[in-house]
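See below for entry.txt, which holds compact mmCIF, C-alpha atoms.
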# COMPACT_ATOMS: atom_id res chain seq x y z
CA MET H 1 8.91 -26.05 42.59
CA SER H 2 5.27 -25.37 43.13
CA ARG H 3 4.44 -26.35 39.57
CA ARG H 4 1.77 -28.90 38.80
CA PRO H 5 3.35 -32.18 37.81
CA PHE H 6 3.05 -33.22 34.18
CA PHE H 7 1.89 -29.76 33.26
CA ARG H 8 3.26 -28.76 29.90
CA ARG H 9 2.92 -25.22 28.67
CA GLN H 10 1.53 -24.94 25.17
CA LYS H 11 4.47 -24.37 22.89
CA SER H 12 4.35 -22.45 19.66
CA CYS H 13 6.70 -22.48 16.74
CA PRO H 14 9.18 -19.58 16.90
CA PHE H 15 9.01 -19.22 13.12
CA SER H 16 5.22 -19.02 12.75
CA GLY H 17 2.93 -16.09 13.22
CA PRO H 18 3.43 -12.42 12.44
CA ASN H 19 6.89 -10.87 12.69
CA ALA H 20 8.49 -14.27 12.96
CA PRO H 21 12.15 -14.22 11.94
CA LYS H 22 13.00 -15.41 8.46
CA ILE H 23 15.27 -18.44 8.36
CA ASP H 24 18.44 -17.48 6.52
CA TYR H 25 21.76 -19.28 6.37
CA LYS H 26 23.54 -15.93 6.81
CA ASP H 27 21.86 -15.15 10.12
CA VAL H 28 24.37 -16.73 12.48
CA LYS H 29 22.83 -15.20 15.57
CA LEU H 30 19.47 -16.79 14.86
CA LEU H 31 20.85 -20.18 13.84
CA SER H 32 23.10 -20.42 16.89
CA ARG H 33 19.99 -20.61 19.08
CA PHE H 34 19.10 -23.90 17.42
CA ILE H 35 22.40 -25.72 17.72
CA SER H 36 23.61 -27.45 20.86
CA GLU H 37 26.83 -26.62 22.70
CA ARG H 38 28.38 -29.43 20.77
CA GLY H 39 27.30 -27.90 17.47
CA LYS H 40 24.49 -30.33 16.73
CA ILE H 41 21.07 -29.33 15.47
CA VAL H 42 18.69 -29.30 18.44
CA PRO H 43 15.69 -31.63 17.98
CA ARG H 44 12.40 -29.90 17.51
CA ARG H 45 10.78 -31.55 20.52
CA ILE H 46 12.96 -29.24 22.58
CA THR H 47 12.83 -26.10 20.47
CA ALA H 48 9.15 -26.44 19.42
CA VAL H 49 9.87 -25.59 15.81
CA SER H 50 7.18 -26.89 13.45
CA SER H 51 8.22 -29.78 11.25
CA LYS H 52 8.02 -27.71 8.09
CA LYS H 53 10.22 -25.00 9.55
CA GLN H 54 12.59 -27.53 11.07
CA ARG H 55 13.38 -28.84 7.60
CA VAL H 56 14.08 -25.30 6.39
CA LEU H 57 16.13 -24.60 9.50
CA ALA H 58 18.22 -27.76 9.11
CA GLN H 59 18.97 -26.80 5.52
CA ALA H 60 20.04 -23.30 6.62
CA ILE H 61 22.29 -24.64 9.39
CA LYS H 62 23.98 -27.01 6.97
CA ARG H 63 24.60 -24.19 4.53
CA ALA H 64 26.06 -22.01 7.26
CA ARG H 65 28.33 -24.87 8.33
CA ASN H 66 29.58 -25.32 4.83
CA LEU H 67 30.55 -21.65 4.68
CA ALA H 68 32.38 -21.96 8.01
CA LEU H 69 29.97 -19.51 9.62
CA ILE H 70 29.12 -22.04 12.33
CA PRO H 71 31.21 -25.08 13.24
CA PHE H 72 30.40 -28.68 12.41
CA LEU H 73 31.71 -29.73 15.80
CA ILE H 74 32.65 -27.90 18.97
CA LYS H 75 35.16 -29.88 20.99
CA MET Q 76 16.03 -15.23 -15.35
CA PRO Q 77 16.45 -16.98 -12.00
CA TYR Q 78 17.97 -15.27 -9.01
CA TYR Q 79 21.02 -16.53 -7.18
CA GLU Q 80 23.05 -15.64 -4.15
CA SER Q 81 26.67 -16.57 -4.36
CA VAL Q 82 28.93 -16.42 -1.32
CA TYR Q 83 32.61 -17.14 -1.59
CA ILE Q 84 35.56 -17.08 0.78
CA ALA Q 85 38.86 -15.71 -0.46
CA ARG Q 86 42.29 -16.43 1.00
CA PRO Q 87 43.13 -14.22 4.00
CA ASP Q 88 46.58 -13.20 2.74
CA ILE Q 89 45.36 -11.29 -0.27
CA SER Q 90 44.79 -7.55 0.01
CA THR Q 91 41.43 -5.79 -0.02
CA ALA Q 92 42.26 -4.40 -3.45
CA GLN Q 93 42.74 -7.94 -4.75
CA VAL Q 94 39.40 -8.94 -3.21
CA ASP Q 95 37.76 -6.12 -5.14
CA ALA Q 96 39.55 -7.16 -8.30
CA LEU Q 97 38.36 -10.73 -7.83
CA ALA Q 98 34.77 -9.58 -7.37
CA GLU Q 99 35.06 -7.46 -10.48
CA ASN Q 100 36.47 -10.37 -12.42
CA LEU Q 101 33.62 -12.64 -11.37
CA THR Q 102 31.09 -9.91 -12.11
CA SER Q 103 32.41 -9.58 -15.65
CA ILE Q 104 32.15 -13.37 -16.12
CA VAL Q 105 28.48 -13.20 -15.19
CA GLY Q 106 28.05 -10.20 -17.50
CA GLU Q 107 29.64 -11.97 -20.47
CA ASN Q 108 27.17 -14.80 -20.11
CA GLY Q 109 24.14 -12.56 -20.24
CA GLY Q 110 23.54 -12.04 -16.52
CA ALA Q 111 23.82 -9.19 -14.08
CA VAL Q 112 25.20 -8.79 -10.58
CA THR Q 113 22.71 -6.64 -8.71
CA LYS Q 114 24.56 -6.37 -5.44
CA ASN Q 115 28.10 -6.93 -4.28
CA GLU Q 116 28.51 -7.23 -0.54
CA TYR Q 117 31.87 -7.49 1.19
CA TRP Q 118 31.49 -8.92 4.68
CA GLY Q 119 35.11 -8.41 5.64
CA LEU Q 120 37.89 -10.60 6.93
CA LYS Q 121 36.04 -12.99 9.20
CA ASN Q 122 37.15 -15.84 11.41
CA LEU Q 123 36.29 -19.24 9.98
CA ALA Q 124 34.50 -21.65 12.30
CA TYR Q 125 37.04 -24.31 11.33
CA ARG Q 126 40.17 -24.38 9.27
CA ILE Q 127 39.92 -24.52 5.49
CA LYS Q 128 43.14 -25.35 3.68
CA LYS Q 129 45.06 -24.38 6.83
CA ASN Q 130 43.49 -20.93 6.95
CA ARG Q 131 41.78 -19.57 10.04
CA LYS Q 132 40.33 -16.47 8.42
CA GLY Q 133 38.86 -15.50 5.10
CA HIS Q 134 37.47 -12.62 3.07
CA TYR Q 135 33.75 -13.19 2.66
CA THR Q 136 31.96 -11.73 -0.33
CA MET Q 137 28.39 -12.17 -1.43
CA LEU Q 138 27.08 -11.50 -4.93
CA ASN Q 139 23.40 -11.19 -5.77
CA ILE Q 140 23.00 -12.44 -9.30
CA ASN Q 141 20.22 -12.39 -11.85
CA ALA Q 142 21.53 -14.64 -14.59
CA PRO Q 143 20.82 -17.72 -16.70
CA ALA Q 144 22.08 -21.09 -15.49
CA VAL Q 145 24.99 -21.16 -17.96
CA ALA Q 146 26.44 -18.05 -16.35
CA ILE Q 147 26.34 -19.72 -12.95
CA SER Q 148 28.12 -22.84 -14.16
CA GLU Q 149 30.76 -20.66 -15.80
CA LEU Q 150 31.10 -18.62 -12.59
CA GLU Q 151 31.49 -21.73 -10.46
CA ARG Q 152 33.99 -23.22 -12.88
CA ASN Q 153 36.13 -20.11 -12.52
CA MET Q 154 35.89 -20.16 -8.77
CA ARG Q 155 37.00 -23.79 -8.73
CA ILE Q 156 40.06 -22.90 -10.80
CA ASN Q 157 40.99 -19.75 -8.90
CA GLU Q 158 43.33 -20.60 -6.04
CA ASP Q 159 42.36 -17.48 -4.10
CA VAL Q 160 38.86 -18.84 -3.58
CA LEU Q 161 38.82 -21.20 -0.61
CA ARG Q 162 35.15 -22.04 -0.84
CA TYR Q 163 32.05 -20.90 -2.63
CA MET Q 164 28.37 -21.59 -2.46
CA THR Q 165 25.69 -20.50 -4.88
CA VAL Q 166 22.09 -20.78 -3.80
CA ARG Q 167 19.02 -20.13 -5.86
CA VAL Q 168 16.61 -17.77 -4.11
CA ASP Q 169 13.05 -16.72 -4.83
CA GLU Q 170 13.82 -13.04 -4.66
CA LEU Q 171 16.87 -10.89 -4.29
CA ASP Q 172 17.12 -8.80 -1.17
CA GLU Q 173 17.83 -5.17 -2.00
CA ASN Q 174 18.83 -4.20 1.52
CA PRO Q 175 22.10 -5.10 3.18
CA SER Q 176 21.97 -8.64 4.54
CA VAL Q 177 21.99 -9.60 8.22
CA MET Q 178 25.76 -9.93 8.07
CA LEU Q 179 26.16 -6.19 7.71
CA THR Q 180 23.15 -4.87 9.60
CA SER Q 181 23.44 -6.47 13.04
CA ARG Q 182 27.14 -6.73 13.44
CA GLY Q 183 27.87 -5.17 16.83
CA PRO Q 184 24.84 -6.26 18.87
CA ARG Q 185 25.16 -9.83 17.71
CA ASP Q 186 28.65 -10.21 19.08
CA SER Q 187 27.74 -8.97 22.54
CA ARG Q 188 24.60 -11.09 22.62
CA ASP Q 189 26.42 -14.25 21.77
CA ARG Q 190 29.06 -13.64 24.35
CA GLY Q 191 26.42 -13.04 26.99
CA ARG Q 192 24.95 -16.44 26.31
CA ASP Q 193 28.28 -18.19 26.35
CA ARG Q 194 29.15 -16.77 29.71
CA ASP Q 195 25.84 -18.05 30.97
CA ARG Q 196 26.71 -21.62 30.17
CA ASP Q 197 30.44 -21.11 30.81
CA GLY Q 198 31.28 -22.97 27.64
CA PRO Q 199 34.88 -23.63 26.70
CA ARG Q 200 34.67 -21.12 23.88
CA ASP Q 201 34.21 -18.15 26.14
CA GLY Q 202 37.94 -17.59 26.31
CA ASP Q 203 38.65 -17.33 22.65
CA ARG Q 204 35.51 -15.29 22.01
CA LYS Q 205 36.84 -12.72 24.42
CA SER Q 206 40.21 -12.56 22.79
CA VAL Q 207 38.52 -11.90 19.46
CA ALA Q 208 36.70 -8.96 20.96
CA ASP Q 209 39.94 -7.65 22.42
CA ALA Q 210 41.56 -7.80 19.04
CA GLU Q 211 38.77 -5.69 17.65
CA GLY Q 212 39.31 -3.26 20.49
CA ASN Q 213 35.68 -3.03 21.56
CA ALA Q 214 35.69 -5.30 24.59
CA PRO Q 215 34.81 -2.68 27.23
CA ALA Q 216 31.88 -1.32 25.25
CA THR Q 217 30.26 -4.68 24.54
CA GLU Q 218 30.90 -5.91 28.06
CA THR Q 219 28.28 -3.57 29.46
CA THR Q 220 25.68 -4.31 26.82
CA ALA Q 221 26.09 -8.05 27.24
CA ALA Q 222 24.91 -7.82 30.84
CA GLU Q 223 21.75 -6.00 29.79
CA ILE Q 224 20.98 -8.41 27.04
CA VAL Q 225 21.32 -11.66 28.97
CA PRO Q 226 17.91 -11.46 30.71
CA GLU Q 227 16.31 -10.78 27.38
CA ILE Q 228 17.51 -13.93 25.70
CA VAL Q 229 17.32 -16.36 28.58
CA PRO Q 230 13.50 -16.42 28.96
CA GLU Q 231 13.22 -17.14 25.26
CA ILE Q 232 15.10 -20.35 25.50
CA VAL Q 233 14.98 -21.74 29.00
CA PRO Q 234 11.19 -22.13 29.40
CA GLU Q 235 11.13 -24.37 26.34
CA ILE Q 236 13.64 -26.67 27.88
CA VAL Q 237 12.72 -26.67 31.55
CA PRO Q 238 9.14 -28.02 31.70
CA GLU Q 239 8.83 -31.50 33.20
CA LYS Q 240 10.04 -34.33 31.02
CA ALA Q 241 12.40 -32.18 29.06
CA THR Q 242 14.49 -31.65 32.20
CA ASP Q 243 16.00 -35.08 31.63
CA ALA Q 244 17.34 -33.94 28.32
CA VAL Q 245 19.12 -30.91 29.67
CA PRO Q 246 21.80 -32.47 31.89
CA GLU Q 247 22.45 -34.89 29.09
CA ALA Q 248 23.15 -32.08 26.68
CA ALA Q 249 25.34 -30.36 29.26
CA ALA Q 250 27.28 -33.54 29.95
CA GLU Q 251 27.84 -33.95 26.27
CA GLY Q 252 29.55 -30.59 26.11
CA ASN Q 253 31.91 -31.40 28.98
CA GLU Q 254 33.06 -34.75 27.72
CA GLU Q 255 36.42 -33.52 26.63

Is it possible to give me this structure as structure tokens?
Amino acid sequence: MSRRPFFRRQKSCPFSGPNAPKIDYKDVKLLSRFISERGKIVPRRITAVSSKKQRVLAQAIKRARNLALIPFLIK
Amino acid sequence: MPYYESVYIARPDISTAQVDALAENLTSIVGENGGAVTKNEYWGLKNLAYRIKKNRKGHYTMLNINAPAVAISELERNMRINEDVLRYMTVRVDELDENPSVMLTSRGPRDSRDRGRDRDRDGPRDGDRKSVADAEGNAPATETTAAEIVPEIVPEIVPEIVPEKATDAVPEAAAEGNEE
């Protein structure tokens, strides 16, 4: 790797800005990008979601889980 | 009057006609209480992510409702009583979406995209995903599209994870998946 050490690319929230996707509990494809292989919600330090949107996202994921659209736990 | 979205899952062993009848029944309950159902969306017999009352599948239906709160409590009371309803969820929304929801619009592409990602990480679920596609009879068609779509989705996700410190977190997450 010829990358500079400790260099961190500026991240931006995937739900901010124009034509950002709308967070919806029905959108399984979108939500599945923000859950781990185990089915957990991925922390926002990894996904770069803003804290406001992370709260909305967590709510949507929990709703989708309740409707059995995404699993609570992947074994 | 406030707007609501109500999604419910019906038992898999009832017929499509009975699903329609159930939707009609619930619609009339809303109507009697001074509300209106503006959209009735049937998502089809879908696989559940986990078993509910020993069922692996269910008929999903979504109703868009513009009704007073009493109508919603009456609707939910009826869904609790009805044994054909495995689960329901009513959510208040700021506005009702006139167009078909994401469930109906991006059906095909979503499946192939998801499978492309799974293959990438060779998760344990790859196997049963594939068998689902075979059952639908569209495996060969989606197989080709999945290959095209993989490069599109990978750059979206990987660069967020890779840089420097975050690399520590990645093997951890991977190890977590392989525990069992």

Separation of atom CA of His134 of chain Q from atom CA of Glu116 of chain Q, in Å and rounded to one decimal: 11.1 Å

Check: which chain H residues lie within 6 Å of chain Q using only C-alpha atoms, as a ChimeraX atom specification: /H:27,37-38,46,68-71

Between atom CA of Ala48 of chain H and atom CA of Leu67 of chain H - distance in Å to one decimal: 26.4 Å

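For Ile35 of chain H, the residues within 10 Å (counting all atoms listed in the file, excluding itself and residues fewer than 5 positions away along the chain) are Leu30, Lys40, Ile41, Val42, Pro43, Thr47, Ala58, Ile61, Ile70 and Pro71 of chain H.
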
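One distance worth recording is that between atom CA of Asn19 of chain H and atom CA of Leu171 of chain Q, which is 19.7 Å.
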
Near-segment 139-153 of chain Q list (6 Å; only C-alpha atoms; drop same-chain fewer than 6 positions) as a ChimeraX atom specification: /Q:76-80,105,108,110-114

For the residues selected in the previous step, produce a file with C-alpha atoms as a short mmCIF file (atom, residue, chain, number, x, y, z; two decimals), in the frame of the given file.
data_model
loop_
_atom_site.label_atom_id
_atom_site.label_comp_id
_atom_site.auth_asym_id
_atom_site.auth_seq_id
_atom_site.Cartn_x
_atom_site.Cartn_y
_atom_site.Cartn_z
CA MET Q 76 16.03 -15.23 -15.35
CA PRO Q 77 16.45 -16.98 -12.00
CA TYR Q 78 17.97 -15.27 -9.01
CA TYR Q 79 21.02 -16.53 -7.18
CA GLU Q 80 23.05 -15.64 -4.15
CA VAL Q 105 28.48 -13.20 -15.19
CA ASN Q 108 27.17 -14.80 -20.11
CA GLY Q 110 23.54 -12.04 -16.52
CA ALA Q 111 23.82 -9.19 -14.08
CA VAL Q 112 25.20 -8.79 -10.58
CA THR Q 113 22.71 -6.64 -8.71
CA LYS Q 114 24.56 -6.37 -5.44
#

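Distance check against Leu31 of chain H using only C-alpha atoms: of H:Arg65, H:Arg45, H:Arg4, H:Arg9, the minimum falls on H:Arg65.
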
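Excluding Ala20 of chain H itself and any same-chain residue fewer than 4 positions from it, the protein and nucleic acid residues within 12 Å of it, counting all atoms listed in the file, are Ser12, Cys13, Pro14, Phe15, Ser16, Leu30, Val49 and Lys53 of chain H.
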